[in-house]
file final-v5.csv (CSV, C-alpha atoms and all ligand atoms)
chain,number,residue,atom,x,y,z
N,1,MET,CA,15.6,-13.6,23.7
N,2,LYS,CA,13.4,-12.7,26.6
N,3,ARG,CA,11.2,-10.6,24.3
N,4,LEU,CA,10.9,-13.5,21.9
N,5,LEU,CA,9.8,-15.9,24.7
N,6,VAL,CA,7.2,-13.4,25.9
N,7,LEU,CA,5.8,-13.1,22.4
N,8,ALA,CA,5.7,-16.9,22.0
N,9,ALA,CA,3.9,-17.3,25.3
N,10,ALA,CA,1.4,-14.6,24.4
N,11,ALA,CA,0.9,-16.3,21.1
N,12,VAL,CA,0.2,-19.7,22.6
N,13,SER,CA,-2.4,-18.4,25.1
N,14,LEU,CA,-4.0,-16.3,22.5
N,15,PHE,CA,-4.5,-19.3,20.3
N,16,SER,CA,-5.4,-22.0,22.8
N,17,ALA,CA,-8.0,-19.8,24.6
N,18,ASN,CA,-10.0,-19.8,21.4
N,19,ALA,CA,-8.9,-23.0,19.7
N,20,GLN,CA,-12.3,-24.6,19.9
N,21,THR,CA,-14.0,-21.8,17.9
N,22,PHE,CA,-12.0,-19.5,15.7
N,23,PRO,CA,-10.1,-20.1,13.4
N,24,GLY,CA,-10.6,-23.9,13.7
N,25,THR,CA,-9.2,-25.8,10.7
N,26,LYS,CA,-10.5,-23.5,8.0
N,27,PRO,CA,-7.8,-21.1,6.5
N,28,ILE,CA,-7.9,-17.4,6.9
N,29,SER,CA,-7.8,-15.7,3.5
N,30,PHE,CA,-6.0,-12.4,3.0
N,31,VAL,CA,-7.6,-10.9,0.0
N,32,VAL,CA,-5.0,-8.7,-1.7
N,33,PRO,CA,-6.3,-6.2,-4.3
N,34,PHE,CA,-3.2,-6.4,-6.6
N,35,ALA,CA,-1.0,-8.8,-8.4
N,36,ALA,CA,1.3,-11.3,-6.7
N,37,GLY,CA,4.9,-10.1,-6.1
N,38,GLY,CA,3.9,-6.4,-5.7
N,39,PRO,CA,4.1,-4.3,-2.6
N,40,THR,CA,0.6,-5.0,-1.2
N,41,ASP,CA,1.1,-8.7,-1.8
N,42,ARG,CA,4.5,-8.7,-0.1
N,43,VAL,CA,3.1,-7.1,3.0
N,44,ALA,CA,0.3,-9.7,3.0
N,45,ARG,CA,2.6,-12.6,2.7
N,46,ASP,CA,5.0,-11.4,5.4
N,47,LEU,CA,2.1,-10.6,7.7
N,48,ALA,CA,0.4,-13.9,7.1
N,49,GLU,CA,3.6,-15.6,8.2
N,50,ALA,CA,3.9,-13.4,11.3
N,51,MET,CA,0.3,-13.9,12.2
N,52,ARG,CA,0.5,-17.7,11.7
N,53,LYS,CA,3.2,-17.5,14.4
N,54,SER,CA,1.4,-15.0,16.6
N,55,MET,CA,-1.7,-17.4,16.6
N,56,GLY,CA,0.5,-20.1,18.0
N,57,GLY,CA,1.3,-21.7,14.7
N,58,GLY,CA,-2.2,-23.3,14.5
N,59,ALA,CA,-3.8,-21.0,12.0
N,60,ASN,CA,-3.5,-21.4,8.2
N,61,PHE,CA,-3.3,-18.3,6.1
N,62,VAL,CA,-3.8,-18.1,2.3
N,63,VAL,CA,-3.2,-15.0,0.2
N,64,GLU,CA,-5.7,-14.5,-2.6
N,65,ASN,CA,-4.9,-11.9,-5.3
N,66,VAL,CA,-8.0,-10.3,-6.7
N,67,ASN,CA,-6.7,-7.7,-9.1
N,68,GLY,CA,-8.4,-5.0,-11.0
N,69,ALA,CA,-10.1,-1.6,-10.9
N,70,GLY,CA,-7.5,-0.1,-8.5
N,71,GLY,CA,-8.5,-2.5,-5.7
N,72,THR,CA,-12.2,-2.0,-5.7
N,73,ILE,CA,-13.0,-5.5,-7.0
N,74,ALA,CA,-11.2,-7.0,-4.0
N,75,ALA,CA,-12.8,-4.6,-1.5
N,76,THR,CA,-16.3,-5.4,-3.0
N,77,LYS,CA,-15.6,-9.1,-2.7
N,78,VAL,CA,-14.7,-8.8,1.0
N,79,ALA,CA,-17.5,-6.5,1.9
N,80,LYS,CA,-19.9,-9.1,0.5
N,81,SER,CA,-18.1,-12.1,2.1
N,82,ALA,CA,-19.4,-14.2,5.1
N,83,PRO,CA,-18.5,-12.2,8.2
N,84,ASP,CA,-16.8,-15.1,10.0
N,85,GLY,CA,-13.2,-13.9,10.2
N,86,HIS,CA,-12.0,-16.2,7.4
N,87,THR,CA,-12.0,-13.6,4.7
N,88,LEU,CA,-10.0,-10.4,5.4
N,89,LEU,CA,-9.0,-7.6,3.2
N,90,LEU,CA,-5.5,-6.2,3.2
N,91,HIS,CA,-5.7,-2.9,1.5
N,92,HIS,CA,-3.7,0.4,1.2
N,93,ILE,CA,-4.6,4.0,0.7
N,94,GLY,CA,-6.9,2.9,-2.1
N,95,MET,CA,-9.5,2.3,0.6
N,96,ALA,CA,-9.7,6.1,1.0
N,97,SER,CA,-9.0,7.2,-2.6
N,98,ALA,CA,-11.6,5.1,-4.5
N,99,PRO,CA,-14.7,6.9,-3.3
N,100,ALA,CA,-13.5,10.1,-4.9
N,101,LEU,CA,-12.7,8.3,-8.2
N,102,TYR,CA,-15.5,5.8,-8.7
N,103,ARG,CA,-19.0,7.1,-9.1
N,104,LYS,CA,-20.6,3.6,-8.6
N,105,LEU,CA,-18.7,1.9,-5.8
N,106,GLN,CA,-20.5,-1.1,-4.4
N,107,TYR,CA,-19.3,-0.6,-0.9
N,108,LYS,CA,-18.9,2.2,1.6
N,109,PRO,CA,-15.4,2.2,3.3
N,110,LEU,CA,-16.7,3.4,6.6
N,111,ASP,CA,-19.9,1.4,6.8
N,112,ASP,CA,-19.2,-2.0,5.2
N,113,PHE,CA,-16.1,-3.1,7.1
N,114,GLU,CA,-14.9,-3.9,10.5
N,115,TYR,CA,-11.5,-2.2,11.2
N,116,LEU,CA,-8.8,-4.5,12.5
N,117,GLY,CA,-5.8,-2.1,12.7
N,118,MET,CA,-3.2,-0.4,10.6
N,119,ILE,CA,-0.1,-2.3,9.5
N,120,ASN,CA,2.6,0.0,8.1
N,121,GLU,CA,3.5,3.2,6.3
N,122,VAL,CA,5.6,3.2,3.1
N,123,PRO,CA,7.1,6.1,1.2
N,124,MET,CA,7.0,6.2,-2.6
N,125,THR,CA,9.6,6.8,-5.3
N,126,LEU,CA,9.3,8.4,-8.7
N,127,ILE,CA,11.2,6.1,-11.0
N,128,GLY,CA,11.9,5.8,-14.8
N,129,LYS,CA,13.0,3.2,-17.2
N,130,PRO,CA,16.8,2.7,-17.4
N,131,GLN,CA,17.0,4.0,-21.0
N,132,LEU,CA,15.8,7.5,-20.0
N,133,VAL,CA,18.4,10.1,-20.7
N,134,ALA,CA,17.7,12.1,-17.5
N,135,ASN,CA,19.8,11.4,-14.5
N,136,ASN,CA,18.3,13.8,-12.0
N,137,TYR,CA,14.9,15.2,-11.2
N,138,ARG,CA,15.3,18.6,-12.9
N,139,ASP,CA,16.4,16.9,-16.2
N,140,PHE,CA,13.6,14.4,-15.8
N,141,GLU,CA,10.9,17.1,-15.5
N,142,ASN,CA,12.4,19.0,-18.5
N,143,TYR,CA,12.4,15.7,-20.4
N,144,ILE,CA,8.7,15.1,-19.6
N,145,ARG,CA,7.8,18.6,-20.8
N,146,ALA,CA,9.9,18.3,-24.0
N,147,ASN,CA,8.2,14.9,-24.8
N,148,ALA,CA,4.6,15.8,-23.8
N,149,GLY,CA,2.2,13.4,-25.5
N,150,LYS,CA,4.9,10.8,-26.2
N,151,LEU,CA,5.4,9.2,-22.7
N,152,ASN,CA,3.6,6.4,-20.8
N,153,ILE,CA,3.2,6.3,-17.0
N,154,ALA,CA,2.3,2.9,-15.5
N,155,HIS,CA,0.0,2.4,-12.6
N,156,ALA,CA,-2.1,-0.3,-10.8
N,157,GLY,CA,-5.5,0.9,-11.8
N,158,LEU,CA,-7.6,4.0,-11.0
N,159,GLY,CA,-7.4,4.7,-7.3
N,160,SER,CA,-4.3,2.7,-6.8
N,161,ALA,CA,-1.3,4.3,-4.9
N,162,SER,CA,0.7,4.5,-8.1
N,163,HIS,CA,-2.2,6.2,-9.9
N,164,LEU,CA,-2.8,8.6,-7.1
N,165,CYS,CA,0.8,9.6,-6.9
N,166,GLY,CA,1.0,10.0,-10.7
N,167,LEU,CA,-2.2,12.2,-10.7
N,168,MET,CA,-0.9,14.4,-7.9
N,169,TRP,CA,2.5,14.8,-9.4
N,170,GLN,CA,1.3,15.6,-12.9
N,171,SER,CA,-1.1,18.1,-11.5
N,172,ALA,CA,1.6,19.7,-9.3
N,173,ILE,CA,3.9,20.2,-12.3
N,174,ASN,CA,1.0,21.3,-14.6
N,175,ALA,CA,1.5,18.4,-17.0
N,176,LYS,CA,-1.9,16.7,-16.6
N,177,ASP,CA,-2.1,15.5,-20.2
N,178,ALA,CA,1.6,15.0,-20.9
N,179,MET,CA,1.4,11.3,-20.5
N,180,THR,CA,-0.7,8.3,-21.4
N,181,THR,CA,-1.6,6.2,-18.4
N,182,ILE,CA,-1.1,2.4,-18.7
N,183,PRO,CA,-3.0,0.3,-16.1
N,184,PHE,CA,-1.7,-3.0,-14.8
N,185,GLY,CA,-3.2,-5.5,-12.3
N,186,GLY,CA,-0.6,-4.4,-9.8
N,187,THR,CA,2.8,-2.8,-9.8
N,188,ALA,CA,4.7,-6.1,-10.0
N,189,PRO,CA,3.7,-6.5,-13.7
N,190,ALA,CA,4.1,-2.8,-14.1
N,191,MET,CA,7.7,-3.0,-12.8
N,192,ASN,CA,8.5,-5.7,-15.3
N,193,ALA,CA,7.3,-3.4,-18.1
N,194,LEU,CA,9.3,-0.5,-16.8
N,195,VAL,CA,12.5,-2.6,-16.4
N,196,GLY,CA,11.9,-3.9,-19.9
N,197,GLY,CA,11.5,-0.3,-21.2
N,198,GLN,CA,7.9,-0.9,-22.5
N,199,VAL,CA,6.6,2.0,-20.2
N,200,ASP,CA,8.6,5.1,-19.3
N,201,LEU,CA,7.9,5.9,-15.7
N,202,MET,CA,6.0,5.0,-12.5
N,203,CYS,CA,5.6,6.1,-8.9
N,204,ASP,CA,5.5,3.2,-6.5
N,205,GLN,CA,6.2,2.1,-2.9
N,206,THR,CA,9.8,1.6,-1.8
N,207,THR,CA,8.9,-2.0,-0.9
N,208,ASN,CA,8.7,-2.7,-4.7
N,209,THR,CA,11.3,-0.2,-6.0
N,210,SER,CA,14.2,-0.4,-3.6
N,211,GLY,CA,15.6,-3.7,-5.0
N,212,GLN,CA,15.3,-2.5,-8.6
N,213,ILE,CA,16.9,0.9,-7.8
N,214,GLU,CA,19.7,-0.8,-6.0
N,215,ALA,CA,20.4,-3.2,-8.9
N,216,GLY,CA,20.3,-0.3,-11.4
N,217,ARG,CA,17.4,-1.7,-13.3
N,218,VAL,CA,15.4,1.6,-12.9
N,219,LYS,CA,16.4,5.2,-12.3
N,220,VAL,CA,15.1,7.0,-9.2
N,221,PHE,CA,14.3,10.8,-9.5
N,222,ALA,CA,12.5,11.7,-6.2
N,223,VAL,CA,10.8,10.5,-3.1
N,224,THR,CA,7.2,11.5,-2.3
N,225,THR,CA,7.5,12.2,1.5
N,226,ALA,CA,7.7,15.7,2.9
N,227,LYS,CA,11.1,14.9,4.5
N,228,PRO,CA,14.1,13.2,3.0
N,229,LEU,CA,14.5,9.5,3.9
N,230,SER,CA,17.7,10.3,5.9
N,231,SER,CA,17.9,6.9,7.7
N,232,ASN,CA,17.4,4.9,4.5
N,233,LYS,CA,20.9,4.0,3.2
N,234,LEU,CA,19.8,3.6,-0.4
N,235,LEU,CA,17.5,6.6,-0.7
N,236,LYS,CA,18.9,9.1,1.7
N,237,ASP,CA,20.3,11.4,-1.0
N,238,VAL,CA,17.3,11.2,-3.3
N,239,PRO,CA,15.5,14.6,-3.2
N,240,THR,CA,11.9,15.0,-2.1
N,241,LEU,CA,9.4,16.5,-4.5
N,242,GLN,CA,9.1,19.4,-2.1
N,243,GLU,CA,12.8,20.1,-2.4
N,244,MET,CA,12.3,20.1,-6.1
N,245,GLY,CA,9.8,22.9,-5.8
N,246,LEU,CA,6.5,21.1,-5.6
N,247,LYS,CA,5.1,22.9,-2.6
N,248,GLY,CA,3.3,20.8,0.0
N,249,PHE,CA,3.8,17.5,-1.9
N,250,ASP,CA,3.6,14.8,0.7
N,251,LEU,CA,2.4,11.3,0.0
N,252,THR,CA,2.9,8.2,2.2
N,253,ILE,CA,1.1,4.9,1.5
N,254,TRP,CA,-0.4,3.0,4.4
N,255,HIS,CA,-1.8,-0.5,4.7
N,256,GLY,CA,-4.5,-1.8,7.0
N,257,LEU,CA,-6.6,-5.0,7.7
N,258,TYR,CA,-10.4,-5.2,7.4
N,259,ALA,CA,-13.1,-7.8,7.9
N,260,PRO,CA,-16.7,-7.8,6.5
N,261,LYS,CA,-19.2,-5.8,8.6
N,262,GLY,CA,-20.9,-8.0,11.2
N,263,THR,CA,-17.9,-10.2,12.0
N,264,PRO,CA,-18.4,-11.3,15.7
N,265,PRO,CA,-16.6,-9.1,18.2
N,266,ALA,CA,-14.8,-12.0,19.8
N,267,VAL,CA,-13.3,-13.0,16.4
N,268,LEU,CA,-12.4,-9.4,15.7
N,269,ALA,CA,-10.7,-9.1,19.1
N,270,GLN,CA,-8.7,-12.3,18.5
N,271,ILE,CA,-7.5,-11.2,15.0
N,272,ASN,CA,-6.6,-7.7,16.4
N,273,ALA,CA,-4.6,-9.3,19.2
N,274,ALA,CA,-2.8,-11.5,16.8
N,275,LEU,CA,-2.1,-8.6,14.5
N,276,LYS,CA,-0.7,-6.5,17.3
N,277,LEU,CA,1.6,-9.4,18.3
N,278,ALA,CA,2.7,-10.0,14.7
N,279,LEU,CA,3.6,-6.3,14.2
N,280,LYS,CA,6.1,-6.8,17.1
N,281,ASP,CA,7.7,-9.8,15.5
N,282,PRO,CA,11.4,-8.8,15.0
N,283,GLU,CA,11.6,-10.8,11.7
N,284,PHE,CA,8.5,-9.0,10.3
N,285,ILE,CA,9.9,-5.6,11.4
N,286,LYS,CA,13.3,-6.3,9.9
N,287,LYS,CA,11.8,-7.3,6.5
N,288,GLN,CA,9.6,-4.2,6.4
N,289,GLU,CA,12.4,-1.8,7.4
N,290,GLY,CA,14.7,-3.4,4.9
N,291,LEU,CA,12.3,-2.3,2.2
N,292,GLY,CA,11.8,1.2,3.5
N,293,ALA,CA,8.5,0.6,5.3
N,294,VAL,CA,7.7,1.6,8.9
N,295,VAL,CA,5.6,-0.7,11.1
N,296,VAL,CA,3.0,1.4,12.9
N,297,ALA,CA,2.9,2.0,16.7
N,298,ASP,CA,0.6,-0.1,18.8
N,299,LYS,CA,-2.1,2.6,19.3
N,300,ARG,CA,-2.6,2.8,15.5
N,301,VAL,CA,-3.5,-0.9,15.5
N,302,GLU,CA,-6.5,0.0,17.6
N,303,PRO,CA,-9.6,-0.4,15.4
N,304,ALA,CA,-11.1,2.9,16.4
N,305,MET,CA,-7.8,4.7,15.6
N,306,HIS,CA,-7.6,2.9,12.3
N,307,LYS,CA,-11.2,3.9,11.4
N,308,ALA,CA,-10.6,7.5,12.4
N,309,PHE,CA,-7.5,7.7,10.3
N,310,VAL,CA,-9.2,6.3,7.2
N,311,ALA,CA,-12.0,8.8,7.7
N,312,SER,CA,-9.5,11.6,7.8
N,313,GLU,CA,-7.8,10.3,4.7
N,314,LEU,CA,-11.1,10.1,2.9
N,315,SER,CA,-11.7,13.8,3.5
N,316,LYS,CA,-8.1,14.8,2.8
N,317,LEU,CA,-7.9,12.9,-0.5
N,318,LYS,CA,-11.3,14.0,-2.0
N,319,PRO,CA,-10.3,17.6,-2.9
N,320,VAL,CA,-6.8,16.5,-4.0
N,321,ILE,CA,-8.3,14.0,-6.4
N,322,GLU,CA,-11.0,16.3,-7.6
N,323,ALA,CA,-8.4,18.9,-8.4
N,324,ALA,CA,-6.1,16.5,-10.1
N,325,GLY,CA,-8.5,14.0,-11.4
N,326,LYS,CA,-10.1,12.0,-14.1
N,327,PHE,CA,-12.9,9.7,-13.0
N,328,ALA,CA,-14.2,6.2,-13.5
N,329,ASP,CA,-17.7,4.7,-13.5
N,401,LIG,N1,1.7,-0.5,-5.5
N,401,LIG,C1,0.5,-0.7,-6.0
N,401,LIG,C2,-0.3,0.5,-6.2
N,401,LIG,O1,0.1,1.3,-6.9
N,401,LIG,C3,-0.3,-1.9,-5.9
N,401,LIG,C4,0.4,-3.2,-5.7
N,401,LIG,O2,0.6,-3.5,-4.6
N,401,LIG,O3,0.7,-3.9,-6.7
N,401,LIG,O4,-1.4,0.7,-5.6
call {"tool": "encode", "arguments": {"input": "final-v5.csv", "output": "structure tokens", "more": "lines below"}}
Ligand code: ASP
result
Amino acid sequence: MKRLLVLAAAAVSLFSANAQTFPGTKPISFVVPFAAGGPTDRVARDLAEAMRKSMGGGANFVVENVNGAGGTIAATKVAKSAPDGHTLLLHHIGMASAPALYRKLQYKPLDDFEYLGMINEVPMTLIGKPQLVANNYRDFENYIRANAGKLNIAHAGLGSASHLCGLMWQSAINAKDAMTTIPFGGTAPAMNALVGGQVDLMCDQTTNTSGQIEAGRVKVFAVTTAKPLSSNKLLKDVPTLQEMGLKGFDLTIWHGLYAPKGTPPAVLAQINAALKLALKDPEFIKKQEGLGAVVVADKRVEPAMHKAFVASELSKLKPVIEAAGKFAD
């Protein structure tokens, strides 16, 4: 209770000190690079609610889904938006994977954005349609090999987390051309196709897959993290890809918040403070944890730390994608 009161008091002072200037009455738009109802959209909607509270309830947030091209259309839009704090990008690992996949990107991740802080980390799961005959990872991999050329893997566009995971996995099992890739505007529509049996498999964040796995609407074969998810009730016994012999396989998705380059420092400081407070909101934390995500520690919400992390992911992912990859224009 005491903690909640402290958060509320901090929120009120944060908002009232700047009430005359930012955000005023104009809404703050979270541009989400994928379809409504998917994992990135879900983080954005929950965070918008937590930040509305952390800004004293006076700020209006809207979520704008700008799907397509693995998140690069949304990132381009925000990079070219007015730098006034009213248009923000909520993006995931695609911020760091796109430069290795797209030859003609219209933005530079490290030059064209202000970094506002990381939000969370989310493991992924390798899942299949309910009709698949395999019931464990080994049988699943054998099934993939036996049916090379006949299967479809869904993803959310080149450079999306699901695409990246699929690329890395197919490369790790030496089955690069065993499947046809089917792009969707996000993994919410891709999940519908999987549950309906129109596509065969997908790799996606637990924030989108947990509910479907629990309800038995999809089959889960592996988690993508280096260590098992031992504290996750639903997924604690699901093997990691490393345990299944894929040496070094380790993929965790992260989300962060960005503003267009040139946004005034006072506005950035205000959004960063509101973000830090929102990430301590027990309701937000509970929702995230319930879906297998981990909210990041305070120091990772520091803009400099966030930027340094994205820079390290850019260098880490480039050779991985080049080794596994197919490219886009
Ligand atoms: N999970 C998605 C991805 O694969 C995107 C989404 O949030 O819909 O990148």
call {"tool": "residues_near_point", "arguments": {"input": "final-v5.csv", "point": "(13.2, 12.9, -8.5)", "cutoff": "9 Å", "atoms": "all atoms listed in the file", "output": "PyMOL selection string"}}
result
chain N and resi 125-127+136-138+140-141+220-224+238-241+244
call {"tool": "atom_distance", "arguments": {"input": "final-v5.csv", "atom1": "atom CA of N:Ile73", "atom2": "atom CA of N:Leu164"}}
result
17.4 Å
call {"tool": "residues_near_ligand", "arguments": {"input": "final-v5.csv", "ligand": "ligand LIG 401 (chain N)", "cutoff": "8 Å", "atoms": "only C-alpha atoms and all ligand atoms", "output": "VMD selection string"}}
result
chain N and resid 33 to 42 70 to 71 92 to 94 155 to 157 159 to 164 185 to 188 203 to 205 208
call {"tool": "residues_around", "arguments": {"input": "final-v5.csv", "residues": "stretch 292-294 of chain N", "least_positions_apart": "5", "cutoff": "8 Å", "atoms": "only C-alpha atoms", "output": "ChimeraX atom specification"}}
result
/N:120-123,206-207,210,232,285
call {"tool": "write_last_selection", "arguments": {"input": "final-v5.csv", "atoms": "C-alpha atoms", "output": "short mmCIF file (atom, residue, chain, number, x, y, z; two decimals), keeping the file's coordinate frame"}}
result
data_model
loop_
_atom_site.label_atom_id
_atom_site.label_comp_id
_atom_site.auth_asym_id
_atom_site.auth_seq_id
_atom_site.Cartn_x
_atom_site.Cartn_y
_atom_site.Cartn_z
CA ASN N 120 2.60 0.00 8.10
CA GLU N 121 3.50 3.20 6.30
CA VAL N 122 5.60 3.20 3.10
CA PRO N 123 7.10 6.10 1.20
CA THR N 206 9.80 1.60 -1.80
CA THR N 207 8.90 -2.00 -0.90
CA SER N 210 14.20 -0.40 -3.60
CA ASN N 232 17.40 4.90 4.50
CA ILE N 285 9.90 -5.60 11.40
#
call {"tool": "residues_near_point", "arguments": {"input": "final-v5.csv", "point": "(-20.4, -9.4, -0.4)", "cutoff": "10 Å", "atoms": "only C-alpha atoms", "output": "PyMOL selection string"}}
result
chain N and resi 75-83+106-107+112+260-261
call {"tool": "closest_residue", "arguments": {"input": "final-v5.csv", "among": "N:Asp139, N:Pro23, N:Gly290, N:Gly262", "to": "N:Gly56", "atoms": "all atoms listed in the file"}}
result
N:Pro23
call {"tool": "closest_residue", "arguments": {"input": "final-v5.csv", "among": "N:Glu289, N:Asp237, N:Asp46, N:Asp84", "to": "N:Pro27", "atoms": "only C-alpha atoms"}}
result
N:Asp84
call {"tool": "closest_residue", "arguments": {"input": "final-v5.csv", "among": "N:Leu235, N:Ala59, N:Leu201, N:Val66", "to": "N:Lys129", "atoms": "all atoms listed in the file"}}
result
N:Leu201
call {"tool": "closest_residue", "arguments": {"input": "final-v5.csv", "among": "N:Pro130, N:Gly248, N:Pro303, N:Gly211", "to": "N:Gly196", "atoms": "all atoms listed in the file"}}
result
N:Pro130
call {"tool": "residues_around", "arguments": {"input": "final-v5.csv", "residues": "stretch 175-184 of chain N", "least_positions_apart": "3", "cutoff": "7 Å", "atoms": "all atoms listed in the file", "output": "list in words"}}
result
Ala148, Gly149, Lys150, Leu151, Asn152, Ile153, Ala154, His155, Ala156, Gly157, Gln170, Ser171, Thr187, Pro189 and Ala190 of chain N
